[in-house]
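Below is one structure, written out as structure tokens; comments come after it.
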Amino acid sequence: MRCTLKQPPNSLRLKSVGAILECLDIGARILNPLEDLPRLLRDLLPRYISLRDPRVEFSENEPIGDNYIIYKYHILDGSTFVASCRAVSRSRTLLSVICTVDSSQKPRLSAIAEGPSSEPALQRGPNSEGHPRGQRYIDDFIIYRILGSPEVDPSSWRLRVEGLVTNPLALSLEDVVSLPRVTVVRDFHCVTGWSVSSVRWEGVRLR
């Protein structure tokens, strides 16, 4: 298990997040989530946050697909809110724990990673005129990944076009790759407020 206490990106600082505790590659078996996860959090958090009376309150769980579940908890010291934590499990194996610590609780923290935010520095892009209101240009993509990279079996993968269509269609990966390819250059706009200019996209047309 690798745990890091680090500075939050600017977007989270605006939401009163003072630090992020990120624990990856845990791999612990979960026999009873309602007992095992709170016990793990009560043991883990005091290593990084000064807590006199740590309490773990279950908030909710969120199934994702067939095997993944995200368990959400509130961390308190007595009656004082300290952090929100999300524990990601797959088939009863705990994969990661990510906690956002309230900015008012920063004095409780142990040493925090120094240096700039992990979020790329924001800057004005060359194609700034006419970009959607509220978007700001950055150098490169921000990767949001909580469940790891998906595993795809090329031999069984299918692109299916079905439903309210005249001609339902199922294409293998080989079928898709063999179609005529086109290249376009367009700005990318993320719904979270950042953009990357002049991105080269390559693929096949849908029509």
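Letters A, B, ... mark the chains of the structure tokens in the order given; residue numbers begin at 1 per chain; ligand numbers begin at 1, in order shown.
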
**Request:** Report the residues of range 3-190 of chain A whose backbone DSSP state falls under helix (DSSP H, G or I), written as a PyMOL selection string.
**Result:** chain A and resi 10-13+33-47+103-108+173-178

**Message:** I need the residues in range 29-120 of chain A that are strand (DSSP E) according to DSSP; give them as a VMD selection string.
**Reply:** chain A and resid 29 54 to 64 68 to 77 80 to 90 93 to 102

Could you list, as a short mmCIF file (atom, residue, chain, number, x, y, z; two decimals) with C-alpha atoms, in the first residue's frame, every residue within 7 Å of Gly203 in chain A, counting only C-alpha atoms and ignoring same-chain residues fewer than 5 positions away?
data_model
loop_
_atom_site.label_atom_id
_atom_site.label_comp_id
_atom_site.auth_asym_id
_atom_site.auth_seq_id
_atom_site.Cartn_x
_atom_site.Cartn_y
_atom_site.Cartn_z
CA ARG A 181 -9.51 6.73 -41.24
CA VAL A 182 -9.81 10.49 -40.98
CA THR A 183 -7.86 13.06 -38.96
#

**Message:** I'd like the neighbourhood of range 27-41 of chain A as a list in words, where a residue qualifies if any of its atoms comes within 6 Å (using only C-alpha atoms), though same-chain residues fewer than 6 positions away should be ignored.
**Reply:**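 Near range 27-41 of chain A, the qualifying residues are Val56, Arg92, Thr93, Leu94 and Leu95 of chain A.
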
Could you write out that same residue set with N, CA and C atoms as a PDB file, in the first residue's frame?
ATOM      1  N   VAL A  56     -15.794   7.104  12.322  1.00  0.00           N
ATOM      2  CA  VAL A  56     -16.040   6.858  10.901  1.00  0.00           C
ATOM      3  C   VAL A  56     -17.529   6.629  10.710  1.00  0.00           C
ATOM      4  N   ARG A  92     -14.667  -7.717  -3.622  1.00  0.00           N
ATOM      5  CA  ARG A  92     -14.272  -7.843  -2.211  1.00  0.00           C
ATOM      6  C   ARG A  92     -12.775  -7.654  -1.967  1.00  0.00           C
ATOM      7  N   THR A  93     -12.103  -6.989  -2.885  1.00  0.00           N
ATOM      8  CA  THR A  93     -10.706  -6.609  -2.678  1.00  0.00           C
ATOM      9  C   THR A  93     -10.620  -5.086  -2.683  1.00  0.00           C
ATOM     10  N   LEU A  94     -10.061  -4.515  -1.628  1.00  0.00           N
ATOM     11  CA  LEU A  94      -9.935  -3.065  -1.530  1.00  0.00           C
ATOM     12  C   LEU A  94      -8.782  -2.597  -2.410  1.00  0.00           C
ATOM     13  N   LEU A  95      -9.085  -1.699  -3.348  1.00  0.00           N
ATOM     14  CA  LEU A  95      -8.082  -1.221  -4.295  1.00  0.00           C
ATOM     15  C   LEU A  95      -7.440   0.086  -3.857  1.00  0.00           C
TER      16      LEU A  95
END

**Asked** Which of these, A:Leu159, A:Val82, A:Pro168, A:Asn67, has the shortest distance to Leu51 in chain A once you count only C-alpha atoms?
**Response** A:Val82

**Request:** Could you check which of A:Arg160, A:Arg52, A:Arg13, A:Arg136 is closest to Lys106 in chain A, using only C-alpha atoms?
**Result:**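 The answer is A:Arg13, which sits nearest to Lys106 in chain A.
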